[in-house]
Amino acid sequence: MLAILNYISYGVVLIIILMVLVAAHEYGHYLFARIFNMGVEEFAIGMGKPKVVTYLRKRHQLPVSTNDELPEGVQPGDEFEIQSQGMSMEGGTEKRFATLKRTDKGLALEEVTDFTIRPYPVGGFVRIKGMIPQSDGGETRVPGGFYSKPPLQRLIVLFAGPLFSIITGIILLVPVFMFDGKEEPLNKPILGAVEAKTPADVAGLKPGDRITAIDGAPITTFFEMIQKVRTSAGKELIFSIERQGVALDRKVMPAQDAAPSPVLGPDLRDSGTTAIQGKIGVAYSVEKAKLSFGDALATAVDTPRRAISGMVVTFSSIAGFERSVGGPGTMYKLSEQAVNLGFAKVISLAALLSISVGIFNLLPIYPLDGGQMVVAFVEMLRGGKRLSMRLQELIGTVGFAMVLLLFVSVLIVDVKRWMPKGESGPALVAPTKK
């Protein structure tokens with residue numbers, strides 16, 4: 001019974017993390033949409049229908065320009081029905097109402113934003129008016145509509161979501177680095193994690209083992225062990241180790257990388273190069289150091305850069321992709337690790353996921369934010385002229401196919417990882433294996 005409760009708690013933690021991250025991302029879109037006087041019909045956490053709860057309804061006014069289309073005969077003070085143009089999966093076909101008002105700055109529509117919780121906690125959305133392209137270009141004449149605004153404003157609204165995701169991750173990391181500390185590589189010949197079913201595991205090496213020599217040559221740092229192992233793929237090595245005061249010898253045969261992987265330097269950090277290397281499946285030990293506010297902020301701000309470098313390596317080879325990506329199963333496993341390791345790890349996981357979500361959404365693939373930003377940028381170069389409907393449909397079809405392919409590939413990796421002989425995947429502790 002206790003085990004079941006634990007499993008439920010891991011899932012609940014993951015759902016809470018996802019809801020918070022989605023809220024931060026979507027708030028970026030919402031805030032800048034409102035700054036640019038775009039109408040926002042709904043701010044939703046979760047997906048699917050029907051709405052579970054509407055916890056807030058916020059009124060706003062949208063200035064009406066001479067280019068905007070209004071129903072014939074509508075006069076100031078009239079309330080009239082408007083049709084949402086959102087996707088049906090978001091409830092975007094529902095009927096809504098607006099009131100035409102006369103203000104000091106001219107005519108304006110008074111409308112309402114619904115803040116809701118949807119039934120499936122797998123994402124969320126901000127439904128901005130007029131985001132569905134029309135064959136006659138009618139989306140450019142929707143009062144307060146997304147496409148009725150200049151391309152630069154649209155680009156900023158799209159960019160704001162990923163930006164807020166990254167900023168949220170940075171904000172979460174700062175107190176973690178200050179009060180819990182940042183893990184730093186410990187360049188001593190002491191093993192940290194030992195990955196299952198790797199040469200080190202098969203040879204009987206265990207976390208905490210101190211490597212004293214390899215083939216009789218003394219080893220005084222973890223980097224010295226890396227140097228020996230990386231050039232010895234397929235060659236049997238004799239590891240002399242010390243375990244709880246007892247001297248032991250173990251035969252270890254490093255396995256060769258299936259694809260180039262990051263090369264660590266003498267400080268155990270990424271040197272910026274990649275190579276085919278021999279590895280045995282162990283990680284260095286780490287030590288925690290609490291940082292000052294300035295150092296914590298600088299380190300947190302640098303995290304997105306390092307995440308981008310890691311993403312480049314991830315997508316540079318099939319082996320890197322399979323080793324680094326993860327779907328629902330992997331995310332659940334990371335949540336389990338975080339809960340077991342303490343509150344600080346939960347916050348760290350949330351921060352890293354938020355930063356990853358922000359970076360991923362900047363990929364130039366439609367319908368991701370990055371892909372829509374590319375379209376807005378091209379239209380900005382065209383002086384605000386919309387792309388043809390045919391080209392928009394082509395971009396949407398190709399982009400959707402790419403996203404679907406990526407989603408299926410991640411699920412396949414996840415399933416393989418959960419098989420008895422699968423890769424262990426991303427980890428929260430000492431992720432760099434050698």
# chains A, B, ... in the order shown; residues from 1 in each chain; ligands from 1
$ residues_around --residues "A:Leu62" --least-positions-apart "6" --cutoff "8 Å" --atoms "only C-alpha atoms" --output "PyMOL selection string"
chain A and resi 37-39+108-111+143-144
$ write_last_selection --atoms "N, CA and C atoms" --output "tab-separated table (two decimals), in the first residue's frame"
chain	number	residue	atom	x	y	z
A	37	ASN	N	-2.63	44.87	-27.08
A	37	ASN	CA	-4.08	44.97	-27.30
A	37	ASN	C	-4.63	43.86	-28.17
A	38	MET	N	-4.11	42.66	-28.01
A	38	MET	CA	-4.72	41.49	-28.63
A	38	MET	C	-5.76	40.92	-27.67
A	39	GLY	N	-6.85	40.46	-28.21
A	39	GLY	CA	-7.88	39.85	-27.38
A	39	GLY	C	-7.52	38.43	-27.03
A	108	ALA	N	-14.29	50.82	-28.86
A	108	ALA	CA	-13.57	49.67	-28.32
A	108	ALA	C	-14.56	48.55	-28.05
A	109	LEU	N	-14.06	47.33	-28.15
A	109	LEU	CA	-14.86	46.16	-27.80
A	109	LEU	C	-14.49	45.72	-26.38
A	110	GLU	N	-15.51	45.48	-25.56
A	110	GLU	CA	-15.28	44.93	-24.23
A	110	GLU	C	-15.53	43.43	-24.29
A	111	GLU	N	-14.50	42.66	-23.99
A	111	GLU	CA	-14.60	41.20	-24.03
A	111	GLU	C	-14.05	40.61	-22.74
A	143	PRO	N	-11.07	42.47	-34.96
A	143	PRO	CA	-10.71	43.47	-33.93
A	143	PRO	C	-9.94	42.82	-32.78
A	144	GLY	N	-8.74	43.31	-32.53
A	144	GLY	CA	-7.91	42.74	-31.48
A	144	GLY	C	-7.36	41.38	-31.83
$ closest_atom_pairs --of "stretch 15-47 of chain A" --to "stretch 368-382 of chain A" --cutoff "12 Å" --atoms "only C-alpha atoms" --output "tab-separated table"
residue	atom	partner	partner_atom	distance
A:His25	CA	A:Asp369	CA	10.9
A:Glu26	CA	A:Asp369	CA	11.3
A:Gly28	CA	A:Asp369	CA	11.9
A:His29	CA	A:Asp369	CA	10.1
$ closest_residue --among "A:Leu341, A:Pro367, A:Lys197, A:Val415" --to "A:Leu394" --atoms "only C-alpha atoms"
A:Pro367
$ closest_atom_pairs --of "stretch 112-207 of chain A" --to "stretch 223-230 of chain A" --cutoff "9 Å" --atoms "only C-alpha atoms" --output "CSV"
residue,atom,partner,partner_atom,distance
A:Asn187,CA,A:Phe223,CA,6.7
A:Lys188,CA,A:Phe223,CA,8.1
A:Pro189,CA,A:Met225,CA,7.2
$ residues_around --residues "A:Ile190" --least-positions-apart "3" --cutoff "6 Å" --atoms "only C-alpha atoms" --output "compact mmCIF listing (two decimals) with C-alpha atoms, in the first residue's frame"
# COMPACT_ATOMS: atom_id res chain seq x y z
CA GLY A 208 32.34 4.84 -3.75
CA ASP A 209 35.16 2.64 -5.07
CA ARG A 210 38.51 4.47 -5.16
$ residues_around --residues "A:Leu248" --least-positions-apart "2" --cutoff "12 Å" --atoms "only C-alpha atoms" --output "PDB file with N, CA and C atoms, in the first residue's frame"
ATOM      1  N   ALA A 203      31.788  -5.679 -14.440  1.00  0.00           N
ATOM      2  CA  ALA A 203      33.058  -6.026 -13.765  1.00  0.00           C
ATOM      3  C   ALA A 203      32.946  -5.985 -12.244  1.00  0.00           C
ATOM      4  N   GLY A 204      31.837  -5.455 -11.721  1.00  0.00           N
ATOM      5  CA  GLY A 204      31.647  -5.429 -10.273  1.00  0.00           C
ATOM      6  C   GLY A 204      32.090  -4.154  -9.596  1.00  0.00           C
ATOM      7  N   LEU A 205      32.339  -3.095 -10.379  1.00  0.00           N
ATOM      8  CA  LEU A 205      32.671  -1.816  -9.754  1.00  0.00           C
ATOM      9  C   LEU A 205      31.414  -1.219  -9.126  1.00  0.00           C
ATOM     10  N   LYS A 206      31.608  -0.496  -8.018  1.00  0.00           N
ATOM     11  CA  LYS A 206      30.472   0.051  -7.279  1.00  0.00           C
ATOM     12  C   LYS A 206      30.714   1.520  -6.924  1.00  0.00           C
ATOM     13  N   ASP A 209      33.854   3.288  -4.871  1.00  0.00           N
ATOM     14  CA  ASP A 209      35.156   2.642  -5.070  1.00  0.00           C
ATOM     15  C   ASP A 209      36.201   3.698  -5.431  1.00  0.00           C
ATOM     16  N   ARG A 210      37.394   3.595  -4.819  1.00  0.00           N
ATOM     17  CA  ARG A 210      38.511   4.466  -5.162  1.00  0.00           C
ATOM     18  C   ARG A 210      39.444   3.725  -6.096  1.00  0.00           C
ATOM     19  N   ILE A 211      39.688   4.309  -7.276  1.00  0.00           N
ATOM     20  CA  ILE A 211      40.603   3.697  -8.239  1.00  0.00           C
ATOM     21  C   ILE A 211      42.022   4.103  -7.862  1.00  0.00           C
ATOM     22  N   THR A 212      42.851   3.124  -7.541  1.00  0.00           N
ATOM     23  CA  THR A 212      44.231   3.429  -7.145  1.00  0.00           C
ATOM     24  C   THR A 212      45.214   3.246  -8.299  1.00  0.00           C
ATOM     25  N   ALA A 213      44.887   2.358  -9.238  1.00  0.00           N
ATOM     26  CA  ALA A 213      45.789   2.120 -10.364  1.00  0.00           C
ATOM     27  C   ALA A 213      45.026   1.439 -11.493  1.00  0.00           C
ATOM     28  N   ILE A 214      45.521   1.618 -12.732  1.00  0.00           N
ATOM     29  CA  ILE A 214      44.999   0.906 -13.898  1.00  0.00           C
ATOM     30  C   ILE A 214      46.185   0.289 -14.616  1.00  0.00           C
ATOM     31  N   ILE A 238      43.108  -3.742 -16.072  1.00  0.00           N
ATOM     32  CA  ILE A 238      43.062  -4.200 -14.682  1.00  0.00           C
ATOM     33  C   ILE A 238      42.896  -2.970 -13.784  1.00  0.00           C
ATOM     34  N   PHE A 239      41.729  -2.831 -13.156  1.00  0.00           N
ATOM     35  CA  PHE A 239      41.465  -1.739 -12.226  1.00  0.00           C
ATOM     36  C   PHE A 239      41.807  -2.194 -10.816  1.00  0.00           C
ATOM     37  N   SER A 240      42.749  -1.513 -10.210  1.00  0.00           N
ATOM     38  CA  SER A 240      43.041  -1.746  -8.794  1.00  0.00           C
ATOM     39  C   SER A 240      42.211  -0.758  -7.994  1.00  0.00           C
ATOM     40  N   ILE A 241      41.386  -1.236  -7.096  1.00  0.00           N
ATOM     41  CA  ILE A 241      40.474  -0.377  -6.358  1.00  0.00           C
ATOM     42  C   ILE A 241      40.599  -0.606  -4.857  1.00  0.00           C
ATOM     43  N   GLU A 242      40.122   0.381  -4.129  1.00  0.00           N
ATOM     44  CA  GLU A 242      40.045   0.266  -2.677  1.00  0.00           C
ATOM     45  C   GLU A 242      38.584   0.444  -2.282  1.00  0.00           C
ATOM     46  N   ARG A 243      38.043  -0.588  -1.606  1.00  0.00           N
ATOM     47  CA  ARG A 243      36.640  -0.566  -1.206  1.00  0.00           C
ATOM     48  C   ARG A 243      36.546  -0.855   0.290  1.00  0.00           C
ATOM     49  N   GLN A 244      36.165   0.190   1.039  1.00  0.00           N
ATOM     50  CA  GLN A 244      36.039   0.066   2.500  1.00  0.00           C
ATOM     51  C   GLN A 244      37.313  -0.508   3.126  1.00  0.00           C
ATOM     52  N   GLY A 245      38.462   0.003   2.640  1.00  0.00           N
ATOM     53  CA  GLY A 245      39.743  -0.387   3.201  1.00  0.00           C
ATOM     54  C   GLY A 245      40.317  -1.674   2.643  1.00  0.00           C
ATOM     55  N   VAL A 246      39.586  -2.331   1.746  1.00  0.00           N
ATOM     56  CA  VAL A 246      40.047  -3.599   1.170  1.00  0.00           C
ATOM     57  C   VAL A 246      40.516  -3.368  -0.265  1.00  0.00           C
ATOM     58  N   ARG A 250      39.884  -5.644 -10.486  1.00  0.00           N
ATOM     59  CA  ARG A 250      38.755  -5.975 -11.340  1.00  0.00           C
ATOM     60  C   ARG A 250      39.152  -5.784 -12.800  1.00  0.00           C
ATOM     61  N   LYS A 251      38.753  -6.745 -13.643  1.00  0.00           N
ATOM     62  CA  LYS A 251      39.013  -6.643 -15.079  1.00  0.00           C
ATOM     63  C   LYS A 251      37.850  -5.918 -15.755  1.00  0.00           C
TER      64      LYS A 251
END
$ residues_around --residues "A:Ala160" --least-positions-apart "4" --cutoff "10 Å" --atoms "only C-alpha atoms" --output "PyMOL selection string"
chain A and resi 25-33+154-156+164-166+358+369
$ atom_distance --atom1 "atom CA of A:Val22" --atom2 "atom CA of A:Val398"
25.2 Å
$ decode --residues "stretch 101-214 of chain A" --atoms "C-alpha atoms" --output "PDB file, in the first residue's frame"
ATOM      1  CA  LYS A 101     -18.324  50.873 -26.288  1.00  0.00           C
ATOM      2  CA  ARG A 102     -17.371  54.463 -26.930  1.00  0.00           C
ATOM      3  CA  THR A 103     -14.255  55.571 -25.016  1.00  0.00           C
ATOM      4  CA  ASP A 104     -12.119  58.715 -24.844  1.00  0.00           C
ATOM      5  CA  LYS A 105      -9.840  57.145 -27.469  1.00  0.00           C
ATOM      6  CA  GLY A 106     -12.611  56.006 -29.806  1.00  0.00           C
ATOM      7  CA  LEU A 107     -14.601  52.805 -30.216  1.00  0.00           C
ATOM      8  CA  ALA A 108     -13.567  49.668 -28.324  1.00  0.00           C
ATOM      9  CA  LEU A 109     -14.857  46.157 -27.798  1.00  0.00           C
ATOM     10  CA  GLU A 110     -15.276  44.927 -24.227  1.00  0.00           C
ATOM     11  CA  GLU A 111     -14.600  41.197 -24.033  1.00  0.00           C
ATOM     12  CA  VAL A 112     -13.705  38.595 -21.408  1.00  0.00           C
ATOM     13  CA  THR A 113     -10.720  36.284 -20.836  1.00  0.00           C
ATOM     14  CA  ASP A 114     -11.608  32.983 -19.145  1.00  0.00           C
ATOM     15  CA  PHE A 115      -8.900  31.509 -16.901  1.00  0.00           C
ATOM     16  CA  THR A 116      -9.570  27.773 -16.818  1.00  0.00           C
ATOM     17  CA  ILE A 117      -8.358  24.334 -15.822  1.00  0.00           C
ATOM     18  CA  ARG A 118      -8.793  21.649 -18.487  1.00  0.00           C
ATOM     19  CA  PRO A 119      -9.104  17.904 -17.730  1.00  0.00           C
ATOM     20  CA  TYR A 120      -5.792  16.575 -19.098  1.00  0.00           C
ATOM     21  CA  PRO A 121      -2.627  18.004 -17.464  1.00  0.00           C
ATOM     22  CA  VAL A 122      -0.437  17.564 -20.550  1.00  0.00           C
ATOM     23  CA  GLY A 123      -0.025  21.175 -21.612  1.00  0.00           C
ATOM     24  CA  GLY A 124      -2.036  24.328 -21.901  1.00  0.00           C
ATOM     25  CA  PHE A 125      -2.720  27.233 -24.199  1.00  0.00           C
ATOM     26  CA  VAL A 126      -3.534  30.907 -24.516  1.00  0.00           C
ATOM     27  CA  ARG A 127      -6.213  31.333 -27.188  1.00  0.00           C
ATOM     28  CA  ILE A 128      -5.681  34.698 -28.828  1.00  0.00           C
ATOM     29  CA  LYS A 129      -8.397  36.025 -31.105  1.00  0.00           C
ATOM     30  CA  GLY A 130      -8.047  35.508 -34.830  1.00  0.00           C
ATOM     31  CA  MET A 131      -5.161  33.012 -34.887  1.00  0.00           C
ATOM     32  CA  ILE A 132      -6.748  30.780 -37.535  1.00  0.00           C
ATOM     33  CA  PRO A 133      -5.778  31.870 -41.096  1.00  0.00           C
ATOM     34  CA  GLN A 134      -8.719  32.381 -43.472  1.00  0.00           C
ATOM     35  CA  SER A 135      -8.705  31.822 -47.219  1.00  0.00           C
ATOM     36  CA  ASP A 136      -9.897  35.398 -47.797  1.00  0.00           C
ATOM     37  CA  GLY A 137      -7.411  36.922 -45.353  1.00  0.00           C
ATOM     38  CA  GLY A 138     -10.211  37.744 -42.916  1.00  0.00           C
ATOM     39  CA  GLU A 139      -7.929  37.056 -39.949  1.00  0.00           C
ATOM     40  CA  THR A 140      -6.255  40.422 -40.570  1.00  0.00           C
ATOM     41  CA  ARG A 141      -9.544  42.262 -39.968  1.00  0.00           C
ATOM     42  CA  VAL A 142     -10.528  40.732 -36.622  1.00  0.00           C
ATOM     43  CA  PRO A 143     -10.714  43.466 -33.930  1.00  0.00           C
ATOM     44  CA  GLY A 144      -7.914  42.740 -31.480  1.00  0.00           C
ATOM     45  CA  GLY A 145      -6.937  39.707 -33.550  1.00  0.00           C
ATOM     46  CA  PHE A 146      -3.465  38.179 -33.610  1.00  0.00           C
ATOM     47  CA  TYR A 147      -3.012  38.650 -37.355  1.00  0.00           C
ATOM     48  CA  SER A 148      -4.474  42.145 -37.312  1.00  0.00           C
ATOM     49  CA  LYS A 149      -1.295  43.275 -35.539  1.00  0.00           C
ATOM     50  CA  PRO A 150       2.102  44.015 -37.154  1.00  0.00           C
ATOM     51  CA  PRO A 151       4.464  41.029 -37.631  1.00  0.00           C
ATOM     52  CA  LEU A 152       6.967  42.411 -35.102  1.00  0.00           C
ATOM     53  CA  GLN A 153       4.324  42.452 -32.358  1.00  0.00           C
ATOM     54  CA  ARG A 154       3.287  38.904 -33.277  1.00  0.00           C
ATOM     55  CA  LEU A 155       6.919  37.777 -33.166  1.00  0.00           C
ATOM     56  CA  ILE A 156       7.371  39.276 -29.680  1.00  0.00           C
ATOM     57  CA  VAL A 157       4.186  37.588 -28.397  1.00  0.00           C
ATOM     58  CA  LEU A 158       5.403  34.239 -29.723  1.00  0.00           C
ATOM     59  CA  PHE A 159       8.893  34.722 -28.274  1.00  0.00           C
ATOM     60  CA  ALA A 160       7.532  35.709 -24.858  1.00  0.00           C
ATOM     61  CA  GLY A 161       6.363  32.156 -24.035  1.00  0.00           C
ATOM     62  CA  PRO A 162       9.787  30.468 -24.415  1.00  0.00           C
ATOM     63  CA  LEU A 163      11.432  33.515 -22.799  1.00  0.00           C
ATOM     64  CA  PHE A 164       9.236  33.235 -19.698  1.00  0.00           C
ATOM     65  CA  SER A 165       9.939  29.489 -19.514  1.00  0.00           C
ATOM     66  CA  ILE A 166      13.673  30.171 -19.499  1.00  0.00           C
ATOM     67  CA  ILE A 167      13.375  33.042 -17.009  1.00  0.00           C
ATOM     68  CA  THR A 168      11.249  30.871 -14.699  1.00  0.00           C
ATOM     69  CA  GLY A 169      13.923  28.172 -14.754  1.00  0.00           C
ATOM     70  CA  ILE A 170      16.615  30.727 -13.922  1.00  0.00           C
ATOM     71  CA  ILE A 171      14.566  32.183 -11.045  1.00  0.00           C
ATOM     72  CA  LEU A 172      14.010  28.699  -9.578  1.00  0.00           C
ATOM     73  CA  LEU A 173      17.692  27.780  -9.797  1.00  0.00           C
ATOM     74  CA  VAL A 174      19.058  30.840  -7.978  1.00  0.00           C
ATOM     75  CA  PRO A 175      17.772  29.926  -4.459  1.00  0.00           C
ATOM     76  CA  VAL A 176      18.696  26.280  -5.032  1.00  0.00           C
ATOM     77  CA  PHE A 177      22.318  27.261  -5.734  1.00  0.00           C
ATOM     78  CA  MET A 178      22.337  29.660  -2.773  1.00  0.00           C
ATOM     79  CA  PHE A 179      20.772  27.522  -0.038  1.00  0.00           C
ATOM     80  CA  ASP A 180      21.205  23.907  -1.167  1.00  0.00           C
ATOM     81  CA  GLY A 181      24.356  24.401  -3.200  1.00  0.00           C
ATOM     82  CA  LYS A 182      25.541  23.606  -6.697  1.00  0.00           C
ATOM     83  CA  GLU A 183      27.016  20.221  -7.450  1.00  0.00           C
ATOM     84  CA  GLU A 184      30.597  20.478  -8.676  1.00  0.00           C
ATOM     85  CA  PRO A 185      32.717  17.652 -10.129  1.00  0.00           C
ATOM     86  CA  LEU A 186      35.043  16.094  -7.575  1.00  0.00           C
ATOM     87  CA  ASN A 187      38.247  15.311  -9.447  1.00  0.00           C
ATOM     88  CA  LYS A 188      39.236  12.422  -7.222  1.00  0.00           C
ATOM     89  CA  PRO A 189      39.463   8.821  -8.453  1.00  0.00           C
ATOM     90  CA  ILE A 190      36.286   7.909  -6.569  1.00  0.00           C
ATOM     91  CA  LEU A 191      33.342   6.486  -8.515  1.00  0.00           C
ATOM     92  CA  GLY A 192      29.983   8.210  -8.354  1.00  0.00           C
ATOM     93  CA  ALA A 193      27.082   6.518 -10.119  1.00  0.00           C
ATOM     94  CA  VAL A 194      27.668   3.208 -11.920  1.00  0.00           C
ATOM     95  CA  GLU A 195      25.286   2.690 -14.821  1.00  0.00           C
ATOM     96  CA  ALA A 196      23.551  -0.687 -14.995  1.00  0.00           C
ATOM     97  CA  LYS A 197      24.641  -3.236 -17.619  1.00  0.00           C
ATOM     98  CA  THR A 198      27.790  -1.294 -18.538  1.00  0.00           C
ATOM     99  CA  PRO A 199      31.382  -2.638 -18.466  1.00  0.00           C
ATOM    100  CA  ALA A 200      31.914  -1.178 -14.985  1.00  0.00           C
ATOM    101  CA  ASP A 201      28.751  -2.783 -13.643  1.00  0.00           C
ATOM    102  CA  VAL A 202      29.535  -6.131 -15.271  1.00  0.00           C
ATOM    103  CA  ALA A 203      33.058  -6.026 -13.765  1.00  0.00           C
ATOM    104  CA  GLY A 204      31.647  -5.429 -10.273  1.00  0.00           C
ATOM    105  CA  LEU A 205      32.671  -1.816  -9.754  1.00  0.00           C
ATOM    106  CA  LYS A 206      30.472   0.051  -7.279  1.00  0.00           C
ATOM    107  CA  PRO A 207      29.781   3.677  -6.297  1.00  0.00           C
ATOM    108  CA  GLY A 208      32.340   4.838  -3.753  1.00  0.00           C
ATOM    109  CA  ASP A 209      35.156   2.642  -5.070  1.00  0.00           C
ATOM    110  CA  ARG A 210      38.511   4.466  -5.162  1.00  0.00           C
ATOM    111  CA  ILE A 211      40.603   3.697  -8.239  1.00  0.00           C
ATOM    112  CA  THR A 212      44.231   3.429  -7.145  1.00  0.00           C
ATOM    113  CA  ALA A 213      45.789   2.120 -10.364  1.00  0.00           C
ATOM    114  CA  ILE A 214      44.999   0.906 -13.898  1.00  0.00           C
TER     115      ILE A 214
END
